[in-house]
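Peer 1: Can you read through this structure? Questions will come right after.
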Amino acid sequence: MNFVKVPNELIYGYCRELFPNSIYMYMVILDKMWNESGKKYAFGSDRTLSEWTGIRRGHIHKYRQELIKAGLIKYIPQGTIYGDYDEKFKDMKSRYYPQLVAGDRNYICVPKDEILYNKQLKPNEKLVYILLLAILNKQKGYAYPSQAYMAETLGVSKRTIKRIISELEQKNFISVIRDDWNGSRTVNKYKPMYSIKQEAASMAS
């Protein structure tokens, strides 16, 4: 699949509390997740996770601890079995067990190559883009949230949202349609350049 299913709750329930890098790292863990005998997990060293996310290797521990504290992942370090290190399992890679995964509904389809792993975008820019995907009017092809709403949802300032929207527009990831409403104020409509319909995602699952 060329997309990853991101639970709505991750965006609406955790963005105000966690660092953007933590949220981004969790989405990458979701994408790398295996399903073995009903147990869903991703595995890899700090170095591997750094390569996947572009986050500095020395910072992986910080964001992992935040995800653990938030209850989003259970983490089993390399060589550990049942909570204790065992020399027999020294080659077993670290494992990440996501605690919040997408169900049959209430998820956002995030394109992998264009958005999730795109090195042109910073984690906070990806989160704004994903929020626009979450509230996209599927028939019209655009979203029209206020900057105050986006700031409140993601736990940042309106100034930050304004800057990120400008950067996304300059990088051609969104187009912004500015309409006057009753001649008194401007309503912005945001059209993401890359989106996947949930119906198509369900068929591809």
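Chain lettering (A, B, ...) mirrors the order of the structure tokens, residue numbering begins at 1 for each chain separately, and ligand numbering begins at 1 in order of display.
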Name the residues in contact with region 115-118 of chain A at a cut-off of 8 Å, using only C-alpha atoms, excluding same-chain residues fewer than 4 positions from it; report them as a CSV table (one decimal) with C-alpha atoms, in the first residue's frame.
Peer 2:
```
chain,number,residue,atom,x,y,z
A,28,VAL,CA,6.3,5.7,11.0
A,52,TRP,CA,13.3,5.9,8.8
A,53,THR,CA,12.3,9.2,10.3
A,110,VAL,CA,-1.6,9.5,4.6
A,111,PRO,CA,0.3,9.1,1.3
A,126,LYS,CA,3.2,17.1,8.0
A,194,TYR,CA,-2.0,14.6,-2.4
```
Peer 1: Extract, using only C-alpha atoms, all DNA, RNA and protein residues at most 12 Å from Lys122 (chain A), discarding same-chain residues fewer than 2 positions from it, and format them as a ChimeraX atom specification.
Peer 2: /A:20-21,24,53-55,115-120,124-129,164,167-168,171
Peer 1: Counting only C-alpha atoms, figure out which residue out of A:Ser94, A:Leu10, A:Lys62, A:Tyr75 gets nearest to Thr48 (chain A).
Peer 2: A:Ser94
Peer 1: If you measure from CA of Ser195 (chain A) to CA of Glu114 (chain A), what distance in Å do you get, rounded to one decimal?
Peer 2: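 Between these atoms lies a distance of 9.4 Å.
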Peer 1: As a count of residues only, which residues of chain A does DSSP assign to helix (DSSP H, G or I)?
Peer 2: 88
Peer 1: Neighbours of Lys158 (chain A) within 8 Å (only C-alpha atoms; same-chain residues fewer than 6 positions away dropped), as a ChimeraX atom specification?
Peer 2: /A:147-148,150-151
Peer 1: As number ranges by chain, please: every residue in chain A that DSSP puts in strand (DSSP E).
Peer 2: A: 3-7, 34-36, 39-43, 73-76, 80-81, 84-85, 95-98, 107-111, 174-181, 185-192
Peer 1: Any chance you could tabulate, as CSV, the residues of region 86-152 of chain A at most 7 Å from region 3-9 of chain A with each one's nearest atom pair and distance in Å to one decimal, using only C-alpha atoms, in chain and rising number order?
Peer 2:
```
residue,atom,partner,partner_atom,distance
A:Val101,CA,A:Pro7,CA,6.1
A:Ala102,CA,A:Pro7,CA,4.7
A:Asn106,CA,A:Asn8,CA,5.7
A:Tyr107,CA,A:Pro7,CA,4.3
A:Ile108,CA,A:Val6,CA,5.0
A:Cys109,CA,A:Lys5,CA,4.9
A:Val110,CA,A:Phe3,CA,5.2
A:Pro111,CA,A:Phe3,CA,4.2
A:Lys112,CA,A:Phe3,CA,4.9
```
Peer 1: Would you put the residues from that selection into a file with C-alpha atoms, as a PDB file, in the first residue's frame?
Peer 2:
```
ATOM      1  CA  VAL A 101      -4.072   1.513  15.603  1.00  0.00           C
ATOM      2  CA  ALA A 102      -6.613   2.305  12.919  1.00  0.00           C
ATOM      3  CA  ASN A 106     -12.049   6.800  11.815  1.00  0.00           C
ATOM      4  CA  TYR A 107      -8.645   6.944  10.197  1.00  0.00           C
ATOM      5  CA  ILE A 108      -6.782   9.245   7.836  1.00  0.00           C
ATOM      6  CA  CYS A 109      -5.101   7.896   4.702  1.00  0.00           C
ATOM      7  CA  VAL A 110      -1.648   9.486   4.588  1.00  0.00           C
ATOM      8  CA  PRO A 111       0.349   9.062   1.346  1.00  0.00           C
ATOM      9  CA  LYS A 112       3.745   7.587   2.183  1.00  0.00           C
TER      10      LYS A 112
END
```
Peer 1: Counting only C-alpha atoms, which of A:Ser50, A:Gln65, A:Ser45, A:Ser146 gets nearest to Lys93 (chain A)?
Peer 2: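 Result for the nearest residue to Lys93 (chain A): A:Ser45.
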Peer 1: Name the closest residue to Leu133 (chain A) among the candidates A:Pro98, A:Pro192, A:Pro77, A:Gly155; distances are taken between atoms, counting only C-alpha atoms.
Peer 2: A:Pro192
Peer 1: Find, counting only C-alpha atoms, the residue in A:Ser175, A:Thr186, A:Thr153, A:Gln170 that gets nearest to Glu17 (chain A).
Peer 2: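 For Glu17 (chain A), the nearest of the given residues is A:Thr153.
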Peer 1: Fewer than 3 positions away in the same chain doesn't count, so skip those; otherwise give me all residues within 8 Å of Arg178 (chain A), counting only C-alpha atoms, as a list of chain:residue names.
Peer 2: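 These residues fall inside the cut-off: A:Thr186, A:Val187, A:Asn188, A:Lys189.
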Peer 1: Between CA of Gly58 (chain A) and CA of Asp31 (chain A), what is the distance, to one decimal in Å?
Peer 2: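 CA of Gly58 (chain A) sits 21.9 Å away from CA of Asp31 (chain A).
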